[in-house]
$ cat work28.txt   # compact mmCIF, C-alpha atoms and all ligand atoms
# COMPACT_ATOMS: atom_id res chain seq x y z
CA MET I 314 0.00 0.00 0.00
CA ILE I 315 2.77 2.42 1.00
CA GLU I 316 4.62 1.64 -2.24
CA GLY I 317 1.68 2.92 -4.24
CA LEU I 318 1.57 6.12 -2.21
CA LEU I 319 5.29 6.70 -2.71
CA ALA I 320 4.86 6.19 -6.45
CA ASN I 321 2.13 8.87 -6.35
CA ASN I 322 4.52 11.13 -4.46
CA ARG I 323 7.25 10.70 -7.09
CA ARG I 324 4.73 11.50 -9.82
CA TRP I 325 3.60 14.62 -7.93
CA ILE I 326 7.22 15.83 -7.60
CA THR I 327 7.76 15.35 -11.33
CA GLU I 328 4.57 17.24 -12.15
CA LYS I 329 5.38 20.14 -9.82
CA ASN I 330 8.90 20.50 -11.15
CA ALA I 331 7.57 20.45 -14.71
CA GLU I 332 5.05 23.21 -13.90
CA ASN I 333 7.49 25.34 -11.94
CA PRO I 334 11.17 24.38 -11.53
CA SER I 335 11.50 26.59 -8.43
CA PHE I 336 8.37 25.18 -6.72
CA PHE I 337 10.21 23.27 -4.00
CA ASP I 338 12.86 25.98 -3.52
CA THR I 339 10.01 28.42 -2.85
CA LEU I 340 8.39 26.06 -0.34
CA ALA I 341 11.72 25.47 1.38
CA ALA I 342 12.25 29.22 1.78
CA GLY I 343 9.24 29.46 4.11
CA GLN I 344 5.48 29.60 4.25
CA ALA I 345 3.30 32.67 3.87
CA PRO I 346 -0.28 31.42 3.56
CA LYS I 347 -2.98 34.09 3.68
CA ILE I 348 -5.70 31.71 4.82
CA LEU I 349 -6.33 29.51 7.83
CA TRP I 350 -8.76 26.72 7.02
CA ILE I 351 -10.58 25.01 9.88
CA GLY I 352 -12.47 22.04 8.50
CA CYS I 353 -13.77 18.60 9.32
CA ALA I 354 -11.42 15.61 9.39
CA ASP I 355 -13.81 13.88 6.96
CA SER I 356 -11.85 12.27 4.10
CA ARG I 357 -14.29 13.77 1.59
CA ALA I 358 -13.33 17.34 2.52
CA PRO I 359 -9.69 17.83 1.45
CA ALA I 360 -9.24 21.58 1.74
CA GLU I 361 -6.68 22.28 -0.99
CA GLN I 362 -8.38 20.04 -3.53
CA LEU I 363 -11.80 21.60 -2.96
CA LEU I 364 -10.38 25.08 -3.53
CA GLY I 365 -7.97 24.33 -6.36
CA LEU I 366 -5.01 25.30 -4.16
CA GLN I 367 -1.67 23.66 -3.56
CA ALA I 368 1.10 23.21 -1.01
CA GLY I 369 1.95 26.51 0.65
CA ASP I 370 -1.48 28.10 0.10
CA LEU I 371 -3.38 27.09 3.24
CA PHE I 372 -2.63 26.76 6.92
CA VAL I 373 -4.93 23.96 8.02
CA HIS I 374 -6.59 22.63 11.13
CA ARG I 375 -9.00 19.75 10.78
CA ASN I 376 -10.82 17.87 13.50
CA VAL I 377 -14.04 15.91 13.93
CA ALA I 378 -16.89 18.22 12.91
CA ASN I 379 -14.71 21.34 12.46
CA ARG I 380 -14.99 22.56 16.04
CA VAL I 381 -13.28 25.63 17.50
CA ASP I 382 -12.80 24.59 21.10
CA PRO I 383 -11.52 27.29 23.49
CA GLN I 384 -10.25 24.47 25.76
CA ASP I 385 -8.33 22.56 23.09
CA PRO I 386 -4.61 23.48 23.02
CA ASN I 387 -4.21 21.88 19.60
CA CYS I 388 -6.91 23.98 17.95
CA LEU I 389 -5.86 27.12 19.86
CA SER I 390 -2.18 26.70 18.94
CA VAL I 391 -3.02 26.58 15.24
CA ILE I 392 -5.18 29.71 15.50
CA GLN I 393 -2.60 31.53 17.60
CA TYR I 394 0.25 30.72 15.20
CA ALA I 395 -1.85 31.65 12.18
CA ILE I 396 -2.76 35.05 13.59
CA GLU I 397 0.35 36.04 15.52
CA VAL I 398 3.13 34.63 13.33
CA LEU I 399 1.74 33.96 9.86
CA LYS I 400 -0.64 36.92 10.07
CA VAL I 401 -3.23 35.25 7.90
CA GLU I 402 -5.85 37.61 6.50
CA HIS I 403 -8.71 35.12 6.37
CA ILE I 404 -9.95 32.39 8.65
CA ILE I 405 -12.39 29.97 7.08
CA ILE I 406 -14.58 27.67 9.12
CA CYS I 407 -15.91 25.14 6.66
CA GLY I 408 -18.58 22.71 7.75
CA HIS I 409 -20.12 20.20 5.43
CA HIS I 410 -23.33 18.38 4.71
CA LYS I 411 -23.51 14.67 5.60
CA CYS I 412 -21.13 15.28 8.53
CA GLY I 413 -20.91 12.13 10.65
CA GLY I 414 -19.94 14.07 13.77
CA VAL I 415 -22.94 16.37 13.45
CA ARG I 416 -25.24 13.42 12.78
CA ALA I 417 -23.98 11.48 15.80
CA ALA I 418 -24.43 14.58 17.95
CA TYR I 419 -27.97 15.11 16.67
CA ASP I 420 -28.91 11.42 17.08
CA ARG I 421 -27.26 11.28 20.51
CA THR I 422 -25.48 8.16 19.31
CA PRO I 423 -23.96 6.41 22.36
CA LEU I 424 -20.19 6.92 22.04
CA HIS I 425 -17.24 6.62 24.39
CA ASP I 426 -15.02 9.48 25.36
CA PRO I 427 -13.22 11.44 24.17
CA ILE I 428 -15.45 11.75 21.11
CA ALA I 429 -18.64 11.87 23.19
CA THR I 430 -17.38 14.96 24.99
CA TRP I 431 -16.00 16.41 21.77
CA ILE I 432 -19.34 16.44 19.96
CA ALA I 433 -21.55 17.23 22.98
CA PRO I 434 -21.60 20.97 22.20
CA ILE I 435 -23.25 20.16 18.86
CA THR I 436 -26.05 18.31 20.66
CA ALA I 437 -26.45 21.37 22.87
CA LEU I 438 -26.57 23.62 19.81
CA ALA I 439 -29.29 21.44 18.28
CA GLU I 440 -31.34 21.90 21.45
CA THR I 441 -31.16 25.68 21.13
CA HIS I 442 -32.50 25.43 17.56
CA THR I 443 -35.19 22.80 18.16
CA THR I 444 -37.99 24.81 16.57
CA GLU I 445 -36.11 25.51 13.34
CA LEU I 446 -34.75 21.97 13.07
CA ASN I 447 -38.05 20.25 13.84
CA ALA I 448 -39.67 22.21 11.03
CA ILE I 449 -37.42 20.36 8.56
CA ALA I 450 -39.11 17.05 7.77
CA ASP I 451 -36.17 15.06 6.40
CA ILE I 452 -33.59 14.07 8.99
CA ASP I 453 -30.67 14.32 6.55
CA ASP I 454 -31.73 17.87 5.67
CA ARG I 455 -32.17 18.65 9.35
CA CYS I 456 -28.61 17.54 10.13
CA ASP I 457 -27.31 19.45 7.11
CA ARG I 458 -28.92 22.59 8.54
CA LEU I 459 -27.43 21.81 11.94
CA ALA I 460 -23.99 21.59 10.30
CA GLU I 461 -24.55 25.10 8.93
CA LEU I 462 -25.68 26.48 12.29
CA HIS I 463 -22.67 24.81 13.84
CA ALA I 464 -20.22 26.45 11.40
CA LEU I 465 -21.81 29.83 12.14
CA GLN I 466 -21.45 29.19 15.87
CA GLN I 467 -17.76 28.32 15.45
CA VAL I 468 -17.18 31.76 13.92
CA GLN I 469 -18.77 33.34 16.99
CA ILE I 470 -16.49 31.28 19.24
CA LEU I 471 -13.53 32.34 17.11
CA GLN I 472 -14.53 35.99 17.52
CA SER I 473 -14.39 35.60 21.29
CA LEU I 474 -10.81 34.26 21.43
CA PRO I 475 -8.16 36.58 22.88
CA PHE I 476 -5.93 36.31 19.77
CA LEU I 477 -8.76 37.73 17.69
CA LYS I 478 -9.32 40.63 20.05
CA THR I 479 -5.61 41.43 20.08
CA ALA I 480 -5.49 41.33 16.27
CA ARG I 481 -8.48 43.67 16.09
CA ASP I 482 -6.82 46.05 18.57
CA ARG I 483 -3.70 46.07 16.35
CA HIS I 484 -5.90 46.74 13.29
CA GLN I 485 -4.50 43.58 11.72
CA PRO I 486 -6.55 42.76 8.60
CA LEU I 487 -8.53 39.65 9.39
CA GLN I 488 -11.78 38.42 7.88
CA LEU I 489 -13.74 35.44 9.14
CA HIS I 490 -15.84 33.26 6.88
CA ALA I 491 -18.36 30.51 7.64
CA LEU I 492 -18.63 28.19 4.66
CA ASN I 493 -20.53 25.03 3.90
CA TYR I 494 -19.33 22.30 1.59
CA ARG I 495 -22.26 20.55 -0.08
CA ILE I 496 -20.86 17.11 -0.44
CA ARG I 497 -23.54 15.88 -2.87
CA SER I 498 -22.50 18.44 -5.51
CA GLY I 499 -19.03 19.52 -4.36
CA LYS I 500 -20.21 23.12 -4.16
CA ILE I 501 -18.99 25.44 -1.41
CA VAL I 502 -21.34 28.22 -0.31
CA VAL I 503 -20.80 31.21 1.97
CA LEU I 504 -22.95 31.24 5.10
CA GLU I 505 -21.46 34.43 6.53
CA ASN I 506 -18.54 36.82 6.12
CA SER I 507 -17.48 38.95 9.05
CO CO I 601 -17.70 16.08 9.20
$ encode --input "work28.txt" --output "structure tokens" --more "lines below"
Ligand code: CO
Amino acid sequence: MIEGLLANNRRWITEKNAENPSFFDTLAAGQAPKILWIGCADSRAPAEQLLGLQAGDLFVHRNVANRVDPQDPNCLSVIQYAIEVLKVEHIIICGHHKCGGVRAAYDRTPLHDPIATWIAPITALAETHTTELNAIADIDDRCDRLAELHALQQVQILQSLPFLKTARDRHQPLQLHALNYRIRSGKIVVLENS
């Protein structure tokens, strides 16, 4: 299995060098991405591929159900580094339809920790939107809407982080975007820009 992956890697190197002989020299000189992408770990949501970007273009954090957790040092470290060192100009939270984490949270699927604790805030979010969600007849559509509400909520959480406030105080250009990736069509839509 690994042999096949390494063959892919060699092919990718050949392609990149053919497109741009200084591609790897540029990467080796350092990174200067303008965008932090926070997305779901779902294998169907590969950030660079969805956006037609390549190595060096995105700083990326992915976890189950694209959460921004103010208690998670992993997530916070990525955001801190992106804002304070890389000085990214955009932070994208991209949720997606057919998200297994969102569905498990909505269904209250019995799970063991740590994932049970990890997705619990999404169950809580669903409870605060019971009226809107219950008005959607189809359960898949209901969970797709919950994924959108969840992405919007993650932007609000992001806004409340100290790194964001400091960046705003410094007048550092920084736009936040809640996106949704519609996995049935591949289309990405904007839920909110702020
Ligand atoms: Co997901």
$ closest_residue --input "work28.txt" --among "I:Ser507, I:Thr436, I:Gln466, I:Gln344" --to "Ala395 in chain I" --atoms "only C-alpha atoms"
I:Gln344
$ residues_near_ligand --input "work28.txt" --ligand "ligand CO 601 (chain I)" --cutoff "8 Å" --atoms "only C-alpha atoms and all ligand atoms" --output "short mmCIF file (atom, residue, chain, number, x, y, z; two decimals) with C-alpha atoms, in the coordinates of the input"
data_model
loop_
_atom_site.label_atom_id
_atom_site.label_comp_id
_atom_site.auth_asym_id
_atom_site.auth_seq_id
_atom_site.Cartn_x
_atom_site.Cartn_y
_atom_site.Cartn_z
CA GLY I 352 -12.47 22.04 8.50
CA CYS I 353 -13.77 18.60 9.32
CA ALA I 354 -11.42 15.61 9.39
CA ASP I 355 -13.81 13.88 6.96
CA VAL I 377 -14.04 15.91 13.93
CA ALA I 378 -16.89 18.22 12.91
CA ASN I 379 -14.71 21.34 12.46
CA GLY I 408 -18.58 22.71 7.75
CA HIS I 409 -20.12 20.20 5.43
CA HIS I 410 -23.33 18.38 4.71
CA LYS I 411 -23.51 14.67 5.60
CA CYS I 412 -21.13 15.28 8.53
CA GLY I 413 -20.91 12.13 10.65
CA GLY I 414 -19.94 14.07 13.77
CA VAL I 415 -22.94 16.37 13.45
#
$ axis_aligned_box --input "work28.txt" --around "range 402-421 of chain I" --padding-each-side "5 Å" --output "JSON"
{"center_x": -17.4, "center_y": 24.4, "center_z": 12.6, "size_x": 33.1, "size_y": 36.3, "size_z": 25.8}
$ residues_around --input "work28.txt" --residues "range 363-376 of chain I" --least-positions-apart "3" --cutoff "8 Å" --atoms "all atoms listed in the file" --output "list in words"
Leu340, Gln344, Ala345, Pro346, Lys347, Ile348, Leu349, Trp350, Ile351, Gly352, Cys353, Ala354, Ala358, Pro359, Ala360, Asn379, Arg380, Cys388, Val391, Ala395 and Gly499 of chain I
$ residues_near_point --input "work28.txt" --point "(1.6, 34.3, 15.1)" --cutoff "12 Å" --atoms "only C-alpha atoms" --output "list of chain:residue names"
I:Ala345, I:Leu349, I:Phe372, I:Leu389, I:Ser390, I:Val391, I:Ile392, I:Gln393, I:Tyr394, I:Ala395, I:Ile396, I:Glu397, I:Val398, I:Leu399, I:Lys400, I:Val401, I:Glu402, I:Phe476, I:Leu477, I:Thr479, I:Ala480, I:Gln485
$ write_last_selection --input "work28.txt" --atoms "C-alpha atoms" --output "short mmCIF file (atom, residue, chain, number, x, y, z; two decimals), keeping the file's coordinate frame"
data_model
loop_
_atom_site.label_atom_id
_atom_site.label_comp_id
_atom_site.auth_asym_id
_atom_site.auth_seq_id
_atom_site.Cartn_x
_atom_site.Cartn_y
_atom_site.Cartn_z
CA ALA I 345 3.30 32.67 3.87
CA LEU I 349 -6.33 29.51 7.83
CA PHE I 372 -2.63 26.76 6.92
CA LEU I 389 -5.86 27.12 19.86
CA SER I 390 -2.18 26.70 18.94
CA VAL I 391 -3.02 26.58 15.24
CA ILE I 392 -5.18 29.71 15.50
CA GLN I 393 -2.60 31.53 17.60
CA TYR I 394 0.25 30.72 15.20
CA ALA I 395 -1.85 31.65 12.18
CA ILE I 396 -2.76 35.05 13.59
CA GLU I 397 0.35 36.04 15.52
CA VAL I 398 3.13 34.63 13.33
CA LEU I 399 1.74 33.96 9.86
CA LYS I 400 -0.64 36.92 10.07
CA VAL I 401 -3.23 35.25 7.90
CA GLU I 402 -5.85 37.61 6.50
CA PHE I 476 -5.93 36.31 19.77
CA LEU I 477 -8.76 37.73 17.69
CA THR I 479 -5.61 41.43 20.08
CA ALA I 480 -5.49 41.33 16.27
CA GLN I 485 -4.50 43.58 11.72
#
$ residues_around --input "work28.txt" --residues "Ala437 in chain I" --least-positions-apart "4" --cutoff "10 Å" --atoms "all atoms listed in the file" --output "number ranges by chain"
I: 418-419, 432-433, 441-442
$ write_last_selection --input "work28.txt" --atoms "C-alpha atoms" --output "PDB file, keeping the file's coordinate frame"
ATOM      1  CA  ALA I 418     -24.430  14.580  17.950  1.00  0.00           C
ATOM      2  CA  TYR I 419     -27.970  15.110  16.670  1.00  0.00           C
ATOM      3  CA  ILE I 432     -19.340  16.440  19.960  1.00  0.00           C
ATOM      4  CA  ALA I 433     -21.550  17.230  22.980  1.00  0.00           C
ATOM      5  CA  THR I 441     -31.160  25.680  21.130  1.00  0.00           C
ATOM      6  CA  HIS I 442     -32.500  25.430  17.560  1.00  0.00           C
TER       7      HIS I 442
END
$ atom_distance --input "work28.txt" --atom1 "CA of Gln467 in chain I" --atom2 "CA of Val381 in chain I"
5.6 Å
$ atom_distance --input "work28.txt" --atom1 "CA of Val468 in chain I" --atom2 "CA of Ile406 in chain I"
6.8 Å
$ atom_distance --input "work28.txt" --atom1 "CA of Leu459 in chain I" --atom2 "CA of Leu446 in chain I"
7.4 Å
$ closest_residue --input "work28.txt" --among "I:Ala491, I:Asp426, I:Ile315, I:Ala460" --to "Ile404 in chain I" --atoms "only C-alpha atoms"
I:Ala491
$ residues_around --input "work28.txt" --residues "range 500-505 of chain I" --least-positions-apart "4" --cutoff "6 Å" --atoms "only C-alpha atoms" --output "mmCIF file with C-alpha atoms, in the coordinates of the input"
data_model
loop_
_atom_site.group_PDB
_atom_site.id
_atom_site.type_symbol
_atom_site.label_atom_id
_atom_site.label_comp_id
_atom_site.auth_asym_id
_atom_site.auth_seq_id
_atom_site.Cartn_x
_atom_site.Cartn_y
_atom_site.Cartn_z
ATOM 1 C CA HIS I 490 -15.840 33.260 6.880
ATOM 2 C CA ALA I 491 -18.360 30.510 7.640
ATOM 3 C CA LEU I 492 -18.630 28.190 4.660
ATOM 4 C CA ASN I 493 -20.530 25.030 3.900
ATOM 5 C CA TYR I 494 -19.330 22.300 1.590
ATOM 6 C CA ARG I 495 -22.260 20.550 -0.080
#
$ closest_residue --input "work28.txt" --among "I:Leu319, I:Met314, I:Asp453, I:Pro383" --to "Pro475 in chain I" --atoms "only C-alpha atoms"
I:Pro383
$ decode --input "work28.txt" --residues "range 471-486 of chain I" --atoms "all heavy atoms" --output "PDB file, in the first residue's frame"
ATOM      1  N   LEU I 471     -14.792  31.779  17.592  1.00  0.00           N
ATOM      2  CA  LEU I 471     -13.529  32.341  17.108  1.00  0.00           C
ATOM      3  C   LEU I 471     -13.421  33.824  17.467  1.00  0.00           C
ATOM      4  O   LEU I 471     -12.389  34.289  17.950  1.00  0.00           O
ATOM      5  CB  LEU I 471     -13.504  32.149  15.587  1.00  0.00           C
ATOM      6  CG  LEU I 471     -12.216  32.141  14.805  1.00  0.00           C
ATOM      7  CD1 LEU I 471     -11.177  31.228  15.419  1.00  0.00           C
ATOM      8  CD2 LEU I 471     -12.525  31.725  13.368  1.00  0.00           C
ATOM      9  N   GLN I 472     -14.506  34.546  17.240  1.00  0.00           N
ATOM     10  CA  GLN I 472     -14.530  35.991  17.521  1.00  0.00           C
ATOM     11  C   GLN I 472     -14.204  36.291  18.981  1.00  0.00           C
ATOM     12  O   GLN I 472     -13.695  37.359  19.301  1.00  0.00           O
ATOM     13  CB  GLN I 472     -15.921  36.581  17.225  1.00  0.00           C
ATOM     14  CG  GLN I 472     -16.348  36.570  15.783  1.00  0.00           C
ATOM     15  CD  GLN I 472     -15.861  37.769  14.992  1.00  0.00           C
ATOM     16  OE1 GLN I 472     -14.876  38.402  15.354  1.00  0.00           O
ATOM     17  NE2 GLN I 472     -16.538  38.067  13.894  1.00  0.00           N
ATOM     18  N   SER I 473     -14.545  35.351  19.854  1.00  0.00           N
ATOM     19  CA  SER I 473     -14.392  35.598  21.286  1.00  0.00           C
ATOM     20  C   SER I 473     -12.992  35.252  21.807  1.00  0.00           C
ATOM     21  O   SER I 473     -12.681  35.504  22.962  1.00  0.00           O
ATOM     22  CB  SER I 473     -15.433  34.781  22.064  1.00  0.00           C
ATOM     23  OG  SER I 473     -15.084  33.405  22.009  1.00  0.00           O
ATOM     24  N   LEU I 474     -12.139  34.674  20.963  1.00  0.00           N
ATOM     25  CA  LEU I 474     -10.812  34.259  21.429  1.00  0.00           C
ATOM     26  C   LEU I 474      -9.903  35.478  21.616  1.00  0.00           C
ATOM     27  O   LEU I 474      -9.982  36.440  20.848  1.00  0.00           O
ATOM     28  CB  LEU I 474     -10.162  33.295  20.434  1.00  0.00           C
ATOM     29  CG  LEU I 474     -10.885  31.963  20.221  1.00  0.00           C
ATOM     30  CD1 LEU I 474     -10.133  31.120  19.188  1.00  0.00           C
ATOM     31  CD2 LEU I 474     -11.029  31.192  21.531  1.00  0.00           C
ATOM     32  N   PRO I 475      -9.030  35.433  22.608  1.00  0.00           N
ATOM     33  CA  PRO I 475      -8.162  36.584  22.882  1.00  0.00           C
ATOM     34  C   PRO I 475      -7.266  36.970  21.702  1.00  0.00           C
ATOM     35  O   PRO I 475      -7.025  38.165  21.484  1.00  0.00           O
ATOM     36  CB  PRO I 475      -7.323  36.135  24.086  1.00  0.00           C
ATOM     37  CG  PRO I 475      -7.567  34.675  24.258  1.00  0.00           C
ATOM     38  CD  PRO I 475      -8.864  34.354  23.606  1.00  0.00           C
ATOM     39  N   PHE I 476      -6.805  35.979  20.915  1.00  0.00           N
ATOM     40  CA  PHE I 476      -5.934  36.314  19.767  1.00  0.00           C
ATOM     41  C   PHE I 476      -6.669  37.196  18.769  1.00  0.00           C
ATOM     42  O   PHE I 476      -6.081  38.071  18.137  1.00  0.00           O
ATOM     43  CB  PHE I 476      -5.466  35.063  19.015  1.00  0.00           C
ATOM     44  CG  PHE I 476      -5.183  33.886  19.880  1.00  0.00           C
ATOM     45  CD1 PHE I 476      -5.917  32.722  19.765  1.00  0.00           C
ATOM     46  CD2 PHE I 476      -4.166  33.946  20.819  1.00  0.00           C
ATOM     47  CE1 PHE I 476      -5.662  31.630  20.567  1.00  0.00           C
ATOM     48  CE2 PHE I 476      -3.904  32.851  21.629  1.00  0.00           C
ATOM     49  CZ  PHE I 476      -4.655  31.694  21.510  1.00  0.00           C
ATOM     50  N   LEU I 477      -7.953  36.940  18.627  1.00  0.00           N
ATOM     51  CA  LEU I 477      -8.756  37.731  17.689  1.00  0.00           C
ATOM     52  C   LEU I 477      -8.901  39.160  18.171  1.00  0.00           C
ATOM     53  O   LEU I 477      -8.766  40.115  17.411  1.00  0.00           O
ATOM     54  CB  LEU I 477     -10.147  37.095  17.527  1.00  0.00           C
ATOM     55  CG  LEU I 477     -10.352  36.052  16.441  1.00  0.00           C
ATOM     56  CD1 LEU I 477     -10.378  36.714  15.066  1.00  0.00           C
ATOM     57  CD2 LEU I 477      -9.349  34.931  16.478  1.00  0.00           C
ATOM     58  N   LYS I 478      -9.162  39.288  19.477  1.00  0.00           N
ATOM     59  CA  LYS I 478      -9.323  40.628  20.050  1.00  0.00           C
ATOM     60  C   LYS I 478      -8.026  41.416  19.925  1.00  0.00           C
ATOM     61  O   LYS I 478      -8.035  42.598  19.563  1.00  0.00           O
ATOM     62  CB  LYS I 478      -9.757  40.523  21.513  1.00  0.00           C
ATOM     63  CG  LYS I 478     -11.197  40.038  21.631  1.00  0.00           C
ATOM     64  CD  LYS I 478     -11.656  39.954  23.070  1.00  0.00           C
ATOM     65  CE  LYS I 478     -13.133  39.566  23.117  1.00  0.00           C
ATOM     66  NZ  LYS I 478     -13.530  39.003  24.399  1.00  0.00           N
ATOM     67  N   THR I 479      -6.911  40.758  20.193  1.00  0.00           N
ATOM     68  CA  THR I 479      -5.615  41.432  20.078  1.00  0.00           C
ATOM     69  C   THR I 479      -5.361  41.861  18.640  1.00  0.00           C
ATOM     70  O   THR I 479      -4.897  42.973  18.382  1.00  0.00           O
ATOM     71  CB  THR I 479      -4.484  40.480  20.554  1.00  0.00           C
ATOM     72  OG1 THR I 479      -4.827  39.997  21.842  1.00  0.00           O
ATOM     73  CG2 THR I 479      -3.147  41.187  20.616  1.00  0.00           C
ATOM     74  N   ALA I 480      -5.681  40.998  17.690  1.00  0.00           N
ATOM     75  CA  ALA I 480      -5.492  41.328  16.273  1.00  0.00           C
ATOM     76  C   ALA I 480      -6.355  42.520  15.881  1.00  0.00           C
ATOM     77  O   ALA I 480      -5.911  43.410  15.150  1.00  0.00           O
ATOM     78  CB  ALA I 480      -5.844  40.120  15.409  1.00  0.00           C
ATOM     79  N   ARG I 481      -7.586  42.534  16.375  1.00  0.00           N
ATOM     80  CA  ARG I 481      -8.481  43.670  16.092  1.00  0.00           C
ATOM     81  C   ARG I 481      -7.898  44.953  16.689  1.00  0.00           C
ATOM     82  O   ARG I 481      -7.913  46.003  16.042  1.00  0.00           O
ATOM     83  CB  ARG I 481      -9.866  43.430  16.689  1.00  0.00           C
ATOM     84  CG  ARG I 481     -10.569  42.193  16.176  1.00  0.00           C
ATOM     85  CD  ARG I 481     -11.388  42.470  14.920  1.00  0.00           C
ATOM     86  NE  ARG I 481     -12.218  41.324  14.572  1.00  0.00           N
ATOM     87  CZ  ARG I 481     -12.228  40.756  13.371  1.00  0.00           C
ATOM     88  NH1 ARG I 481     -11.471  41.189  12.401  1.00  0.00           N
ATOM     89  NH2 ARG I 481     -13.024  39.732  13.127  1.00  0.00           N
ATOM     90  N   ASP I 482      -7.392  44.867  17.914  1.00  0.00           N
ATOM     91  CA  ASP I 482      -6.818  46.053  18.574  1.00  0.00           C
ATOM     92  C   ASP I 482      -5.616  46.586  17.785  1.00  0.00           C
ATOM     93  O   ASP I 482      -5.359  47.784  17.765  1.00  0.00           O
ATOM     94  CB  ASP I 482      -6.386  45.715  20.011  1.00  0.00           C
ATOM     95  CG  ASP I 482      -7.580  45.466  20.924  1.00  0.00           C
ATOM     96  OD1 ASP I 482      -8.715  45.810  20.521  1.00  0.00           O
ATOM     97  OD2 ASP I 482      -7.391  44.917  22.030  1.00  0.00           O
ATOM     98  N   ARG I 483      -4.886  45.667  17.153  1.00  0.00           N
ATOM     99  CA  ARG I 483      -3.704  46.074  16.355  1.00  0.00           C
ATOM    100  C   ARG I 483      -4.093  46.502  14.943  1.00  0.00           C
ATOM    101  O   ARG I 483      -3.224  46.797  14.128  1.00  0.00           O
ATOM    102  CB  ARG I 483      -2.737  44.879  16.215  1.00  0.00           C
ATOM    103  CG  ARG I 483      -1.933  44.540  17.438  1.00  0.00           C
ATOM    104  CD  ARG I 483      -0.767  43.628  17.053  1.00  0.00           C
ATOM    105  NE  ARG I 483      -1.207  42.387  16.438  1.00  0.00           N
ATOM    106  CZ  ARG I 483      -1.175  41.199  17.033  1.00  0.00           C
ATOM    107  NH1 ARG I 483      -0.711  41.078  18.247  1.00  0.00           N
ATOM    108  NH2 ARG I 483      -1.592  40.124  16.400  1.00  0.00           N
ATOM    109  N   HIS I 484      -5.389  46.440  14.632  1.00  0.00           N
ATOM    110  CA  HIS I 484      -5.896  46.742  13.292  1.00  0.00           C
ATOM    111  C   HIS I 484      -5.290  45.816  12.237  1.00  0.00           C
ATOM    112  O   HIS I 484      -5.051  46.213  11.097  1.00  0.00           O
ATOM    113  CB  HIS I 484      -5.659  48.211  12.922  1.00  0.00           C
ATOM    114  CG  HIS I 484      -6.262  49.168  13.906  1.00  0.00           C
ATOM    115  ND1 HIS I 484      -7.615  49.320  14.061  1.00  0.00           N
ATOM    116  CD2 HIS I 484      -5.679  49.973  14.819  1.00  0.00           C
ATOM    117  CE1 HIS I 484      -7.854  50.194  15.018  1.00  0.00           C
ATOM    118  NE2 HIS I 484      -6.702  50.605  15.518  1.00  0.00           N
ATOM    119  N   GLN I 485      -5.014  44.589  12.652  1.00  0.00           N
ATOM    120  CA  GLN I 485      -4.498  43.583  11.719  1.00  0.00           C
ATOM    121  C   GLN I 485      -5.649  43.142  10.815  1.00  0.00           C
ATOM    122  O   GLN I 485      -6.714  42.789  11.308  1.00  0.00           O
ATOM    123  CB  GLN I 485      -3.988  42.395  12.554  1.00  0.00           C
ATOM    124  CG  GLN I 485      -3.267  41.336  11.779  1.00  0.00           C
ATOM    125  CD  GLN I 485      -2.682  40.273  12.734  1.00  0.00           C
ATOM    126  OE1 GLN I 485      -2.282  40.570  13.854  1.00  0.00           O
ATOM    127  NE2 GLN I 485      -2.641  39.038  12.281  1.00  0.00           N
ATOM    128  N   PRO I 486      -5.462  43.176   9.487  1.00  0.00           N
ATOM    129  CA  PRO I 486      -6.554  42.761   8.596  1.00  0.00           C
ATOM    130  C   PRO I 486      -6.889  41.280   8.808  1.00  0.00           C
ATOM    131  O   PRO I 486      -6.004  40.437   8.729  1.00  0.00           O
ATOM    132  CB  PRO I 486      -5.994  42.971   7.181  1.00  0.00           C
ATOM    133  CG  PRO I 486      -4.642  43.554   7.330  1.00  0.00           C
ATOM    134  CD  PRO I 486      -4.235  43.496   8.756  1.00  0.00           C
TER     135      PRO I 486
END
